[in-house]
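Chemist: Structure below; questions to follow.
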Amino acid sequence: FPANDLPRLTATDAPAFANDSAEDRGLDLWLLAAVLALVAIGTVEIYSASAVYAHRQFGSSAHFLIRQLLYLGIGTVAMVLAARTDFGWLRRYSYPLLVSSFVLLAAVLVIGLKINNARRWIAVGPLTFQPVEIAKLGLVAFLAGSLAAKQEKIKSFTVGFLPHLVVCGLMVILLLAQPDLGSSIILGATTLILLFVAGTKLSYILIALLATAPLGYYAIVGTPWRLKRLIAFLDPWQFKRTIAYQITESLISIGSGGMAGLGLGDGKQKLFYMPEAHTDFIMSNIGEELGFVGFALVIALFAVIVWRGLRAATRARDLFGTFVAFGLTSIFALQGLVNTAVVLGAIPAKGLTLPFVSYGGTSLIMSMLCTGVLLNISTRAPAPPPKS
């Protein structure tokens with residue numbers, strides 16, 4: 001979506017949203033259908049990609065499938081409740097949610113599980129969860145409430161721009177300590193998108209990008225393993241048996257699928273060739289088994305989610321709903337774009353799951369909760385009367 005096509009909102013727009021006609025108050029079936037289709041594809045492909053590995057590691061080929069179905073059940077309940085509950089609760093609890101996000105992001109550095117040299121998960125009994133998934137919603141809710149309240153001063157650097165950037169920056173620092181560069185990029189980009197949509201000066205955004213460029217350069221070049229990833233990205237086949245192994249196997253997997261794919265369950269790369277085939281690289285398995293058709297279908301379904309999310313944003317009853325919808329849609333779009341680009345070898349590898357499709361409990365539950373929020377915003381129902 002070109003920048004010129006995005007609405008730049010002002011406080012005078014609020015009455016227009018509030019008085020807009022209510023012709024589309026029903027459930028957004030396009031959005032719901034796209035999400036359910038992605039979840040269905042993801043569930044089937046998770047089982048296909050993980051069955052052999054799960055049987056060897058846990059003695060049951062359905063190990064990951066059963067867990068994913070459990071997460072799906074919880075996520076479905078969360079989506080239904082969020083769709084039926086006025087999204088105003090996000091405004092009321094935006095600060096507690098933001099504080100909780102910071103506490104969890106700090107706690108994971110101390111008590112988190114260390115997996116693949118990263119501390120991103122907190123164990124709760126036999127299950128684990130990723131605080132960053134909660135932090136995404138917390139940051140969007142905070143930004144939406146603050147930007148809606150400061151519309152008259154949104155062009156002020158010290159009031160309308162800097163505080164939001166500081167909050168995002170503190171969250172990014174905690175994420176980089178895990179380390180989690182991929183999620184840091186997603187949250188930083190979402191913050192700048194919301195500031196742009198809210199009407200902040202473009203020069204401020206450019207200054208922020210220029211100021212963070214040296215930090216980004218240091219985060220990559222100053223970290224040996226990230227530098228190796230960058231070098232491998234430039235010529236993956238030279239390092240196909242070492243640092244670029246995952247990318248080259250992904251390209252082989254997708255290339256093997258051709259137009260129509262090898263057939264559901266007939267992929268070969270999942271037989272211990274393709275690491276993380278059911279999580280970060282689920283699209284590789286989809287490309288191999290369902291071919292270009294299946295790969296394109298997943299991308300098309302994400303395009304529908306972005307379309308309906310932006311539609312909900314531009315038709316929300318108030319500015320808070322507009323910013324929440326823009327923020328959540330941006331996260332879905334950016335994460336889907338980055339994940340797809342990684343499996344295609346278009347950008348260096350990042351540890352990001354594909355929303356609704358990859359295996360992961362926290363990601364699926366929070367994605368479906370956010371979908372419920374979008375569904376509620378899209379109804380444009382009037383705000384409930386204040387409690388007396």
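We name chains A, B, ... following the order of the structure tokens; residues begin at 1 in each chain, and ligands are numbered from 1 as shown.
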Would you list the contacts of Gly351 in chain A as a PDB file with all heavy atoms, in the first residue's frame, taking every protein, DNA or RNA residue within 8 Å and counting only C-alpha atoms, but skipping same-chain residues closer than 5 positions in sequence?
Modeler:
ATOM      1  N   ASP A 180      16.325 -11.286  20.205  1.00  0.00           N
ATOM      2  CA  ASP A 180      15.218 -11.472  19.265  1.00  0.00           C
ATOM      3  C   ASP A 180      15.155 -10.256  18.343  1.00  0.00           C
ATOM      4  O   ASP A 180      14.346  -9.353  18.537  1.00  0.00           O
ATOM      5  CB  ASP A 180      13.909 -11.654  20.026  1.00  0.00           C
ATOM      6  CG  ASP A 180      12.755 -12.057  19.119  1.00  0.00           C
ATOM      7  OD1 ASP A 180      12.959 -12.078  17.887  1.00  0.00           O
ATOM      8  OD2 ASP A 180      11.657 -12.340  19.633  1.00  0.00           O
ATOM      9  N   GLY A 182      14.306 -10.205  15.162  1.00  0.00           N
ATOM     10  CA  GLY A 182      13.140 -10.219  14.285  1.00  0.00           C
ATOM     11  C   GLY A 182      11.946  -9.518  14.901  1.00  0.00           C
ATOM     12  O   GLY A 182      11.327  -8.644  14.267  1.00  0.00           O
ATOM     13  N   ASP A 280       9.278 -22.129  12.175  1.00  0.00           N
ATOM     14  CA  ASP A 280       9.645 -20.964  11.366  1.00  0.00           C
ATOM     15  C   ASP A 280       9.616 -21.238   9.867  1.00  0.00           C
ATOM     16  O   ASP A 280       9.362 -20.327   9.072  1.00  0.00           O
ATOM     17  CB  ASP A 280      11.050 -20.483  11.747  1.00  0.00           C
ATOM     18  CG  ASP A 280      11.135 -20.032  13.195  1.00  0.00           C
ATOM     19  OD1 ASP A 280      10.079 -20.008  13.860  1.00  0.00           O
ATOM     20  OD2 ASP A 280      12.235 -19.731  13.674  1.00  0.00           O
TER      21      ASP A 280
END
Chemist: Fewer than 4 positions away in the same chain doesn't count, so skip those; otherwise give me all residues within 10 Å of Thr371 in chain A, counting only C-alpha atoms, as a list in words.
Modeler: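 So, after excluding close chain neighbours, the residues are Leu31, Leu32, Val35, Gly75, Thr76, Ala78, Met79, Val80, Ala82, Ala83, Ile305, Gly309, Ala325, Leu328, Thr329, Phe332, Ile365, Met366, Ser367, Leu375, Asn376 and Ile377 of chain A.
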Chemist: For CA of Val324 in chain A and CA of Leu69 in chain A, quote the distance in Å rounded to one decimal.
Modeler: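 Straight-line distance from CA of Val324 in chain A to CA of Leu69 in chain A works out to 28.0 Å.
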Chemist: Extract, using only C-alpha atoms, all DNA, RNA and protein residues at most 9 Å from Ser100 in chain A, discarding same-chain residues fewer than 3 positions from it, and format them as a ChimeraX atom specification.
Modeler: /A:95-97,103-105,134-135,138
Chemist: Work out how far apart CA of Val132 in chain A and CA of Gly112 in chain A are and give it in Å to one decimal.
Modeler: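 Computing the Euclidean distance for CA of Val132 in chain A and CA of Gly112 in chain A yields 12.2 Å.
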